$ cat work12.csv   # CSV, C-alpha atoms
chain,number,residue,atom,x,y,z
A,1,MET,CA,118.5,130.9,81.1
A,2,LYS,CA,116.3,132.4,83.8
A,3,LYS,CA,113.8,129.6,83.4
A,4,TYR,CA,116.5,126.9,83.8
A,5,TRP,CA,117.7,128.6,87.0
A,6,GLN,CA,114.1,128.6,88.3
A,7,MET,CA,113.6,125.0,87.4
A,8,PHE,CA,116.9,124.1,89.2
A,9,SER,CA,116.1,126.0,92.3
A,10,VAL,CA,112.5,124.7,92.6
A,11,PHE,CA,113.7,121.1,92.4
A,12,PHE,CA,116.7,121.8,94.6
A,13,ARG,CA,114.2,123.0,97.3
A,14,ILE,CA,112.1,119.9,96.8
A,15,GLY,CA,115.2,117.7,97.3
A,16,ALA,CA,116.4,119.7,100.2
A,17,PHE,CA,113.3,120.1,102.3
A,18,THR,CA,111.5,116.8,102.2
A,19,LEU,CA,112.6,114.6,105.0
A,20,GLY,CA,112.4,110.9,104.4
A,21,GLY,CA,111.8,111.1,100.6
A,22,GLY,CA,109.2,109.2,98.6
A,23,TYR,CA,105.6,110.1,99.2
A,24,SER,CA,106.4,112.8,101.7
A,25,MET,CA,107.7,114.8,98.7
A,26,ILE,CA,104.4,114.9,96.8
A,27,PRO,CA,102.7,117.8,98.6
A,28,LEU,CA,105.8,120.0,98.2
A,29,ILE,CA,106.2,119.1,94.5
A,30,GLN,CA,102.5,119.9,94.0
A,31,LYS,CA,102.7,123.2,95.8
A,32,GLU,CA,105.8,124.4,93.8
A,33,VAL,CA,105.1,123.0,90.4
A,34,VAL,CA,101.3,123.2,90.2
A,35,GLU,CA,100.2,126.0,92.5
A,36,LYS,CA,103.1,128.4,92.5
A,37,LYS,CA,104.8,128.1,89.1
A,38,ARG,CA,101.8,126.7,87.2
A,39,TRP,CA,104.2,124.5,85.1
A,40,LEU,CA,101.7,121.7,85.2
A,41,SER,CA,97.9,121.6,85.5
A,42,GLU,CA,96.3,119.6,88.3
A,43,LYS,CA,95.4,116.8,85.9
A,44,ASP,CA,98.8,116.7,84.3
A,45,PHE,CA,100.3,116.5,87.7
A,46,ILE,CA,98.2,113.4,88.6
A,47,ASP,CA,99.1,111.8,85.3
A,48,THR,CA,102.8,112.6,86.0
A,49,LEU,CA,102.6,110.9,89.4
A,50,ALA,CA,100.9,107.8,88.0
A,51,VAL,CA,103.8,107.4,85.5
A,52,ALA,CA,106.5,108.3,88.0
A,53,GLN,CA,105.1,105.7,90.4
A,54,SER,CA,104.8,102.9,87.9
A,55,ALA,CA,108.2,103.4,86.4
A,56,PRO,CA,111.2,101.9,88.3
A,57,GLY,CA,113.6,104.1,90.2
A,58,VAL,CA,113.2,106.9,92.6
A,59,MET,CA,109.8,108.5,92.3
A,60,ALA,CA,110.8,112.1,93.1
A,61,VAL,CA,113.6,111.9,90.4
A,62,ASN,CA,111.1,110.4,87.9
A,63,THR,CA,108.8,113.4,88.6
A,64,ALA,CA,111.7,115.8,88.2
A,65,ILE,CA,112.7,114.3,84.9
A,66,PHE,CA,109.1,114.4,83.6
A,67,VAL,CA,108.5,118.0,84.6
A,68,GLY,CA,111.9,119.1,83.2
A,69,TYR,CA,111.3,117.4,79.9
A,70,LYS,CA,107.8,118.9,79.5
A,71,LEU,CA,109.1,122.4,80.1
A,72,LYS,CA,112.5,122.4,78.3
A,73,GLY,CA,113.1,119.0,76.7
A,74,LEU,CA,116.2,117.0,77.4
A,75,LYS,CA,118.2,119.9,78.8
A,76,GLY,CA,115.4,120.8,81.1
A,77,SER,CA,115.2,117.3,82.5
A,78,ILE,CA,118.9,117.3,83.2
A,79,VAL,CA,118.6,120.5,85.1
A,80,THR,CA,115.6,119.4,87.3
A,81,THR,CA,117.2,116.0,88.0
A,82,LEU,CA,120.4,117.6,89.2
A,83,GLY,CA,118.4,120.0,91.3
A,84,CYS,CA,116.4,117.2,92.9
A,85,ALA,CA,119.3,114.8,93.6
A,86,LEU,CA,122.0,117.3,94.6
A,87,PRO,CA,120.8,118.1,98.1
A,88,SER,CA,120.7,114.4,99.1
A,89,PHE,CA,124.0,113.8,97.4
A,90,ILE,CA,125.7,116.6,99.3
A,91,ILE,CA,124.1,115.8,102.7
A,92,ILE,CA,124.8,112.1,102.5
A,93,LEU,CA,128.3,112.6,101.3
A,94,LEU,CA,129.0,114.8,104.4
A,95,VAL,CA,127.2,112.2,106.6
A,96,ALA,CA,129.2,109.4,105.0
A,97,MET,CA,132.5,111.2,105.6
A,98,VAL,CA,131.8,111.8,109.2
A,99,PHE,CA,129.9,108.6,109.9
A,100,THR,CA,132.6,106.2,108.5
A,101,ASP,CA,134.9,107.9,111.1
A,102,ILE,CA,132.6,108.0,114.1
A,103,LYS,CA,130.7,104.7,113.7
A,104,ASP,CA,133.0,103.0,116.2
A,105,ASN,CA,132.6,105.8,118.7
A,106,GLU,CA,131.0,104.4,121.9
A,107,ILE,CA,128.1,106.8,122.2
A,108,VAL,CA,127.2,106.6,118.5
A,109,ASN,CA,127.3,102.8,118.9
A,110,ARG,CA,124.9,102.8,121.8
A,111,VAL,CA,122.5,105.2,119.9
A,112,PHE,CA,122.4,103.0,116.8
A,113,LYS,CA,122.0,99.8,118.9
A,114,GLY,CA,118.6,101.3,119.9
A,115,ILE,CA,117.8,102.6,116.4
A,116,ARG,CA,118.4,99.4,114.3
A,117,PRO,CA,115.5,97.2,115.5
A,118,VAL,CA,113.2,100.3,115.2
A,119,VAL,CA,114.2,100.7,111.5
A,120,VAL,CA,113.1,97.1,110.9
A,121,ALA,CA,109.8,98.0,112.5
A,122,LEU,CA,109.5,100.9,110.2
A,123,ILE,CA,110.0,98.7,107.2
A,124,VAL,CA,107.4,96.2,108.4
A,125,THR,CA,104.8,99.0,109.1
A,126,PRO,CA,103.5,99.6,105.5
A,127,LEU,CA,103.1,95.9,104.7
A,128,TRP,CA,99.6,95.6,106.1
A,129,ASN,CA,98.2,98.7,104.3
A,130,MET,CA,100.0,97.8,101.1
A,131,SER,CA,98.5,94.3,101.1
A,132,LYS,CA,95.0,95.7,101.5
A,133,ALA,CA,95.6,98.2,98.7
A,134,ALA,CA,96.9,95.5,96.4
A,135,GLY,CA,93.8,93.4,97.1
A,136,ILE,CA,95.8,90.5,98.6
A,137,ASN,CA,93.5,87.7,99.8
A,138,TRP,CA,94.1,84.2,101.3
A,139,LYS,CA,94.8,82.9,97.8
A,140,THR,CA,97.2,85.5,96.5
A,141,VAL,CA,99.0,85.9,99.8
A,142,ILE,CA,101.2,83.1,98.6
A,143,ILE,CA,103.0,85.5,96.2
A,144,PRO,CA,104.4,88.0,98.7
A,145,VAL,CA,105.0,85.4,101.4
A,146,GLY,CA,106.7,83.1,98.9
A,147,VAL,CA,108.9,85.8,97.4
A,148,ALA,CA,109.9,87.1,100.8
A,149,LEU,CA,110.8,83.6,102.1
A,150,ILE,CA,112.7,82.5,99.0
A,151,ILE,CA,114.8,85.7,99.0
A,152,TRP,CA,115.4,85.4,102.7
A,153,LEU,CA,116.3,81.7,102.7
A,154,THR,CA,118.2,81.3,99.5
A,155,GLY,CA,119.6,84.8,98.9
A,156,ALA,CA,118.0,84.8,95.4
A,157,SER,CA,118.2,88.0,93.5
A,158,PRO,CA,115.0,90.2,93.7
A,159,VAL,CA,115.5,91.0,90.0
A,160,ILE,CA,114.4,87.5,89.1
A,161,PHE,CA,111.1,88.0,90.9
A,162,ILE,CA,110.5,91.4,89.4
A,163,VAL,CA,111.0,90.0,85.9
A,164,LEU,CA,108.7,87.1,86.8
A,165,ALA,CA,106.1,89.4,88.2
A,166,ILE,CA,106.0,91.5,85.0
A,167,THR,CA,105.8,88.6,82.6
A,168,GLY,CA,103.4,86.7,84.9
A,169,GLY,CA,101.2,89.7,85.3
A,170,ILE,CA,101.0,90.2,81.5
A,171,LEU,CA,100.3,86.5,80.7
A,172,PHE,CA,97.7,86.2,83.5
A,173,GLY,CA,96.0,89.4,82.3
A,174,LEU,CA,95.9,88.2,78.7
A,175,ILE,CA,94.5,84.8,79.6
A,176,ARG,CA,91.8,86.4,81.7
A,177,THR,CA,90.7,88.9,79.0
A,178,ARG,CA,90.7,86.1,76.4
A,179,LYS,CA,88.4,84.0,78.7
A,180,LYS,CA,86.0,86.9,79.1
A,181,LYS,CA,85.8,87.3,75.4
A,182,ASN,CA,84.9,83.6,74.9
A,183,ILE,CA,82.1,83.9,77.4
B,1,MET,CA,138.7,101.0,88.2
B,2,GLU,CA,137.0,97.6,88.3
B,3,LEU,CA,135.4,98.6,91.6
B,4,TYR,CA,133.9,101.7,90.0
B,5,LEU,CA,132.5,99.6,87.1
B,6,GLN,CA,131.0,97.1,89.6
B,7,LEU,CA,129.4,100.0,91.5
B,8,PHE,CA,128.0,101.4,88.3
B,9,ILE,CA,126.5,98.0,87.2
B,10,SER,CA,125.1,97.3,90.6
B,11,PHE,CA,123.4,100.7,91.0
B,12,PHE,CA,122.2,100.7,87.4
B,13,LYS,CA,120.4,97.4,88.1
B,14,ILE,CA,119.0,98.8,91.3
B,15,GLY,CA,117.6,101.9,89.4
B,16,LEU,CA,116.3,99.7,86.6
B,17,PHE,CA,114.5,97.1,88.7
B,18,GLY,CA,113.6,99.4,91.6
B,19,PHE,CA,109.8,99.2,91.4
B,20,GLY,CA,107.6,100.1,94.3
B,21,GLY,CA,109.5,102.9,96.1
B,22,GLY,CA,112.1,103.2,98.9
B,23,TYR,CA,111.5,100.2,101.0
B,24,ALA,CA,111.2,97.8,98.1
B,25,ILE,CA,114.5,99.2,96.7
B,26,ILE,CA,116.2,98.1,100.0
B,27,SER,CA,115.8,94.5,99.0
B,28,LEU,CA,117.7,95.1,95.8
B,29,ILE,CA,120.4,97.1,97.5
B,30,GLN,CA,120.8,94.3,100.1
B,31,HIS,CA,121.4,91.8,97.4
B,32,GLU,CA,124.1,93.9,95.7
B,33,ILE,CA,126.0,95.0,98.8
B,34,LEU,CA,125.9,91.5,100.3
B,35,SER,CA,127.4,89.9,97.2
B,36,ASN,CA,130.0,92.6,97.0
B,37,GLU,CA,130.6,93.1,100.7
B,38,TRP,CA,130.8,96.9,100.3
B,39,ILE,CA,129.1,97.6,103.7
B,40,THR,CA,127.6,95.4,106.4
B,41,GLN,CA,123.9,94.7,107.1
B,42,SER,CA,124.0,96.9,110.2
B,43,GLU,CA,125.6,99.7,108.3
B,44,LEU,CA,122.8,99.4,105.7
B,45,THR,CA,120.3,99.6,108.6
B,46,ASP,CA,122.1,102.8,109.8
B,47,ILE,CA,121.8,104.3,106.4
B,48,ILE,CA,118.1,103.6,106.3
B,49,ALA,CA,117.7,105.4,109.6
B,50,ILE,CA,119.9,108.3,108.4
B,51,SER,CA,117.8,108.4,105.2
B,52,GLN,CA,114.6,108.8,107.2
B,53,MET,CA,116.1,111.8,109.1
B,54,THR,CA,117.7,113.6,106.2
B,55,PRO,CA,116.1,115.0,103.0
B,56,GLY,CA,115.9,112.9,99.9
B,57,PRO,CA,114.9,109.5,98.8
B,58,ILE,CA,116.4,106.2,100.2
B,59,GLY,CA,117.5,105.2,96.6
B,60,ILE,CA,119.7,108.3,96.2
B,61,ASN,CA,120.9,108.4,99.8
B,62,SER,CA,122.1,104.7,99.8
B,63,ALA,CA,123.8,105.0,96.4
B,64,THR,CA,125.7,108.0,97.6
B,65,TYR,CA,126.7,106.4,100.9
B,66,VAL,CA,127.6,103.0,99.5
B,67,GLY,CA,129.6,104.6,96.7
B,68,TYR,CA,131.6,106.6,99.2
B,69,ALA,CA,132.0,103.8,101.7
B,70,ALA,CA,133.1,101.3,99.0
B,71,THR,CA,135.7,103.5,97.4
B,72,GLY,CA,136.5,106.1,100.1
B,73,SER,CA,136.2,108.7,97.4
B,74,VAL,CA,133.7,111.3,96.3
B,75,TRP,CA,133.9,109.9,92.8
B,76,GLY,CA,132.6,106.5,94.0
B,77,ALA,CA,129.6,108.4,95.5
B,78,ALA,CA,129.1,110.2,92.2
B,79,VAL,CA,129.3,107.1,90.1
B,80,ALA,CA,126.8,105.1,92.2
B,81,THR,CA,124.4,108.1,92.4
B,82,PHE,CA,124.6,108.7,88.6
B,83,ALA,CA,124.1,105.0,87.9
B,84,VAL,CA,120.9,104.7,90.1
B,85,ILE,CA,119.4,107.7,88.3
B,86,LEU,CA,120.4,106.8,84.7
B,87,PRO,CA,117.7,104.1,84.1
B,88,SER,CA,115.0,106.5,85.4
B,89,PHE,CA,116.3,109.0,83.0
B,90,ILE,CA,116.2,106.7,80.0
B,91,ILE,CA,112.8,105.3,80.9
B,92,MET,CA,111.1,108.6,81.7
B,93,ILE,CA,112.4,110.4,78.6
B,94,THR,CA,111.1,107.4,76.5
B,95,VAL,CA,107.8,107.6,78.2
B,96,CYS,CA,107.5,111.3,77.7
B,97,ARG,CA,108.1,110.9,74.0
B,98,PHE,CA,105.6,108.1,73.5
B,99,LEU,CA,103.1,108.9,76.2
B,100,VAL,CA,100.2,108.4,73.9
B,101,ILE,CA,101.0,104.7,73.7
B,102,LEU,CA,101.3,104.4,77.4
B,103,GLU,CA,98.0,105.9,78.7
B,104,GLY,CA,95.5,103.2,79.4
B,105,ASN,CA,97.9,100.6,78.1
B,106,LYS,CA,96.6,97.2,79.1
B,107,TYR,CA,100.0,95.6,79.2
B,108,LEU,CA,101.3,98.1,81.6
B,109,GLU,CA,98.2,97.6,83.8
B,110,PHE,CA,98.8,93.8,83.7
B,111,ALA,CA,102.5,94.2,84.6
B,112,LEU,CA,101.6,96.5,87.5
B,113,GLN,CA,99.1,94.0,88.8
B,114,GLY,CA,101.8,91.4,88.9
B,115,LEU,CA,104.3,93.8,90.4
B,116,ARG,CA,102.1,94.9,93.4
B,117,PRO,CA,102.1,91.7,95.4
B,118,THR,CA,105.7,91.0,94.5
B,119,VAL,CA,106.9,94.4,95.7
B,120,ILE,CA,105.2,93.6,99.1
B,121,GLY,CA,107.2,90.3,99.1
B,122,LEU,CA,110.4,92.3,98.4
B,123,ILE,CA,109.8,94.6,101.4
B,124,GLY,CA,109.0,91.5,103.5
B,125,ALA,CA,112.3,90.0,102.4
B,126,ALA,CA,114.2,93.2,103.3
B,127,ALA,CA,112.7,93.1,106.7
B,128,LEU,CA,113.5,89.4,107.3
B,129,LEU,CA,117.1,89.9,106.2
B,130,LEU,CA,117.4,92.8,108.6
B,131,MET,CA,116.1,90.7,111.5
B,132,ASN,CA,119.6,89.3,112.1
B,133,SER,CA,122.0,89.1,115.0
B,134,GLN,CA,123.7,92.4,114.0
B,135,ASN,CA,120.5,94.4,114.5
B,136,PHE,CA,118.8,92.3,117.2
B,137,ILE,CA,121.5,91.8,119.8
B,138,ASP,CA,119.4,91.0,122.9
B,139,TYR,CA,115.9,91.0,124.3
B,140,LYS,CA,116.0,94.8,124.6
B,141,SER,CA,116.2,95.0,120.8
B,142,VAL,CA,113.1,92.8,120.5
B,143,ILE,CA,111.2,95.0,123.0
B,144,LEU,CA,112.2,98.1,121.1
B,145,PHE,CA,111.1,96.5,117.8
B,146,ILE,CA,107.7,95.5,119.2
B,147,ALA,CA,107.1,98.9,120.8
B,148,ALA,CA,108.0,100.7,117.6
B,149,LEU,CA,105.8,98.5,115.6
B,150,ILE,CA,102.8,99.2,117.8
B,151,LEU,CA,103.5,102.9,117.9
B,152,SER,CA,103.9,103.1,114.2
B,153,VAL,CA,101.0,100.8,113.0
B,154,LYS,CA,98.4,101.6,115.7
B,155,PHE,CA,99.2,105.2,116.6
B,156,LYS,CA,100.8,106.3,113.3
B,157,ALA,CA,103.8,107.7,115.1
B,158,HIS,CA,106.1,109.7,112.8
B,159,PRO,CA,109.2,107.7,111.7
B,160,ILE,CA,111.6,110.6,112.6
B,161,LEU,CA,110.2,110.7,116.2
B,162,LEU,CA,110.5,107.0,116.5
B,163,ILE,CA,114.1,107.0,115.4
B,164,ILE,CA,115.0,109.8,117.8
B,165,GLY,CA,113.2,108.0,120.6
B,166,ALA,CA,115.0,104.8,119.7
B,167,GLY,CA,118.4,106.6,119.7
B,168,ILE,CA,117.7,108.0,123.2
B,169,ALA,CA,116.6,104.6,124.4
B,170,GLY,CA,119.7,103.0,122.9
B,171,PHE,CA,121.9,105.5,124.7
B,172,LEU,CA,120.2,104.9,128.0
B,173,LEU,CA,119.9,101.1,127.7
B,174,TYR,CA,123.3,100.1,126.5
$ encode --input "work12.csv" --output "structure tokens"
Amino acid sequence: MKKYWQMFSVFFRIGAFTLGGGYSMIPLIQKEVVEKKRWLSEKDFIDTLAVAQSAPGVMAVNTAIFVGYKLKGLKGSIVTTLGCALPSFIIILLVAMVFTDIKDNEIVNRVFKGIRPVVVALIVTPLWNMSKAAGINWKTVIIPVGVALIIWLTGASPVIFIVLAITGGILFGLIRTRKKKNI
Amino acid sequence: MELYLQLFISFFKIGLFGFGGGYAIISLIQHEILSNEWITQSELTDIIAISQMTPGPIGINSATYVGYAATGSVWGAAVATFAVILPSFIIMITVCRFLVILEGNKYLEFALQGLRPTVIGLIGAAALLLMNSQNFIDYKSVILFIAALILSVKFKAHPILLIIGAGIAGFLLY
């Protein structure tokens, strides 16, 4: 029982104290899970991150599920997931309750008029580095540009492109390895 | 009841196909909320800003917010949040059980190679869809956008600082 409580409180802290989510959560997860509690070795942690990143969904939640399952099976993963998601749930619920009431307030309105274009800039920011990391060149740039334009102009579902990307990636990979074998 | 089911299905889909982290998930959320008219594009932009300044990932935050806004009830928030986590749960538990098969799996590597450029496209789409007349109301919006982009790309300014600065600028300019 004590172990479950520890697992819950560690992931509750991870959920509660990492502003912005995503990659900003990794250092805290590492500190708590690897260095302090020694629930995972450094190598296991890196493997966990690799899986949590490649799987769909929220990375921090994926990590929580993985660590919980390694420690205490299914029950453990439920405990860590709850711990990780609960702080955002509570905070956003409070925000939503207040915000749906005050969003027509004149001052709030002015503040958010300034914030909205900046949010768009924040979303554009990682595109350049991500493109470099993904090895995008003048030939492959057609994929992200095409996907972005089609979704933007036609309102097509992103799900279609994700399914296409997975099947396309596998087919392309298989064809390439087969070609190499023939040579 | 139907609304709750629709919320569940939409956020389950978002959780299931949400590859590539927070900003890529926005594109999926956009598609679902636009076809259901749960919240407006500018409200979605506000949630992203709030997400950056509060703890927790965008996926969870937006599920909780949209669930509440669509139903006006805590249960709506709970259903949407549960739905966005459930696919992760099923997938991660399966992966944990069969990890041996997954490590160095060439099919997974191929799939990820296909996903990487696509995810960049999804983020691009999210940005393009948010460049609308609700978010860009006049030339001042364009100036704020360009200034933030330069500060963020060139000077690696922290997102929270940029949002706070933008809020103050908005208060003074409008």
$ closest_residue --input "work12.csv" --among "A:Ile46, A:Val124, A:Val61, A:Ala165" --to "Ile143 of chain A" --atoms "only C-alpha atoms"
A:Ala165
$ closest_residue --input "work12.csv" --among "A:Leu86, A:Leu19, A:Pro27, A:Val95" --to "chain B" --atoms "all atoms listed in the file"
A:Leu19
$ closest_residue --input "work12.csv" --among "A:Arg176, A:Asn129, A:Phe17, A:Phe99" --to "chain B" --atoms "all atoms listed in the file"
A:Phe17
$ residues_around --input "work12.csv" --residues "Gly57 of chain A" --least-positions-apart "6" --cutoff "8 Å" --atoms "all atoms listed in the file" --output "ChimeraX atom specification"
/B:14-19,21,59,84-85,87-88
$ atom_distance --input "work12.csv" --atom1 "atom CA of Phe171 of chain B" --atom2 "atom CA of Val118 of chain A"
13.9 Å
$ residues_near_point --input "work12.csv" --point "(108.8, 112.7, 86.5)" --cutoff "10 Å" --atoms "only C-alpha atoms" --output "VMD selection string"
(chain A and resid 45 47 to 53 55 58 to 70 77 80 to 81) or (chain B and resid 88 to 89 92 to 93 95 to 96)
$ residues_around --input "work12.csv" --residues "Leu130 of chain B" --least-positions-apart "4" --cutoff "12 Å" --atoms "all atoms listed in the file" --output "PyMOL selection string"
(chain A and resi 116-124+152) or (chain B and resi 26-27+30-31+34+40-46+48+123-126+134-137+145)
$ closest_residue --input "work12.csv" --among "A:Met130, A:Leu164, A:Ala16, A:Ala148" --to "Cys84 of chain A" --atoms "all atoms listed in the file"
A:Ala16
$ build_atoms --input "work12.csv" --residues "segment 60-90 of chain A" --atoms "N, CA and C atoms" --output "short mmCIF file (atom, residue, chain, number, x, y, z; two decimals), in the frame of the given file"
data_model
loop_
_atom_site.label_atom_id
_atom_site.label_comp_id
_atom_site.auth_asym_id
_atom_site.auth_seq_id
_atom_site.Cartn_x
_atom_site.Cartn_y
_atom_site.Cartn_z
N ALA A 60 110.62 110.66 93.14
CA ALA A 60 110.80 112.10 93.10
C ALA A 60 111.71 112.45 91.86
N VAL A 61 112.71 111.62 91.60
CA VAL A 61 113.60 111.90 90.40
C VAL A 61 112.80 111.67 89.17
N ASN A 62 111.97 110.63 89.11
CA ASN A 62 111.10 110.40 87.90
C ASN A 62 110.24 111.63 87.67
N THR A 63 109.65 112.17 88.72
CA THR A 63 108.80 113.40 88.60
C THR A 63 109.61 114.53 88.06
N ALA A 64 110.80 114.71 88.63
CA ALA A 64 111.70 115.80 88.20
C ALA A 64 112.01 115.70 86.72
N ILE A 65 112.35 114.49 86.28
CA ILE A 65 112.70 114.30 84.90
C ILE A 65 111.51 114.63 83.98
N PHE A 66 110.34 114.16 84.39
CA PHE A 66 109.10 114.40 83.60
C PHE A 66 108.80 115.86 83.47
N VAL A 67 108.80 116.57 84.59
CA VAL A 67 108.50 118.00 84.60
C VAL A 67 109.52 118.77 83.75
N GLY A 68 110.79 118.46 83.97
CA GLY A 68 111.90 119.10 83.20
C GLY A 68 111.73 118.94 81.74
N TYR A 69 111.38 117.70 81.36
CA TYR A 69 111.30 117.40 79.90
C TYR A 69 110.08 118.13 79.31
N LYS A 70 108.97 118.20 80.05
CA LYS A 70 107.80 118.90 79.50
C LYS A 70 108.08 120.38 79.30
N LEU A 71 108.90 120.96 80.19
CA LEU A 71 109.10 122.40 80.10
C LEU A 71 110.22 122.74 79.09
N LYS A 72 111.33 122.00 79.09
CA LYS A 72 112.50 122.40 78.30
C LYS A 72 113.18 121.24 77.59
N GLY A 73 112.49 120.14 77.40
CA GLY A 73 113.10 119.00 76.70
C GLY A 73 114.23 118.37 77.52
N LEU A 74 115.15 117.73 76.81
CA LEU A 74 116.20 117.00 77.40
C LEU A 74 117.04 117.80 78.41
N LYS A 75 117.41 119.01 77.95
CA LYS A 75 118.20 119.90 78.80
C LYS A 75 117.48 120.22 80.09
N GLY A 76 116.18 120.48 79.95
CA GLY A 76 115.40 120.80 81.10
C GLY A 76 115.34 119.66 82.10
N SER A 77 115.25 118.42 81.58
CA SER A 77 115.20 117.30 82.50
C SER A 77 116.49 117.06 83.22
N ILE A 78 117.61 117.38 82.54
CA ILE A 78 118.90 117.30 83.20
C ILE A 78 118.99 118.27 84.37
N VAL A 79 118.51 119.49 84.10
CA VAL A 79 118.60 120.50 85.10
C VAL A 79 117.70 120.17 86.35
N THR A 80 116.47 119.70 86.12
CA THR A 80 115.60 119.40 87.30
C THR A 80 116.12 118.15 88.03
N THR A 81 116.68 117.17 87.30
CA THR A 81 117.20 116.00 88.00
C THR A 81 118.38 116.36 88.89
N LEU A 82 119.28 117.18 88.35
CA LEU A 82 120.40 117.60 89.20
C LEU A 82 119.91 118.38 90.40
N GLY A 83 118.95 119.27 90.20
CA GLY A 83 118.40 120.00 91.30
C GLY A 83 117.84 119.13 92.38
N CYS A 84 117.10 118.09 91.94
CA CYS A 84 116.40 117.20 92.90
C CYS A 84 117.38 116.29 93.62
N ALA A 85 118.43 115.82 92.94
CA ALA A 85 119.30 114.80 93.60
C ALA A 85 120.47 115.47 94.34
N LEU A 86 120.84 116.69 93.97
CA LEU A 86 122.00 117.30 94.60
C LEU A 86 121.96 117.48 96.09
N PRO A 87 120.81 117.94 96.65
CA PRO A 87 120.80 118.10 98.10
C PRO A 87 121.07 116.78 98.85
N SER A 88 120.40 115.67 98.45
CA SER A 88 120.70 114.40 99.10
C SER A 88 122.11 114.00 98.95
N PHE A 89 122.62 114.20 97.73
CA PHE A 89 124.00 113.80 97.40
C PHE A 89 124.98 114.52 98.38
N ILE A 90 124.82 115.83 98.49
CA ILE A 90 125.70 116.60 99.30
C ILE A 90 125.61 116.21 100.80
#
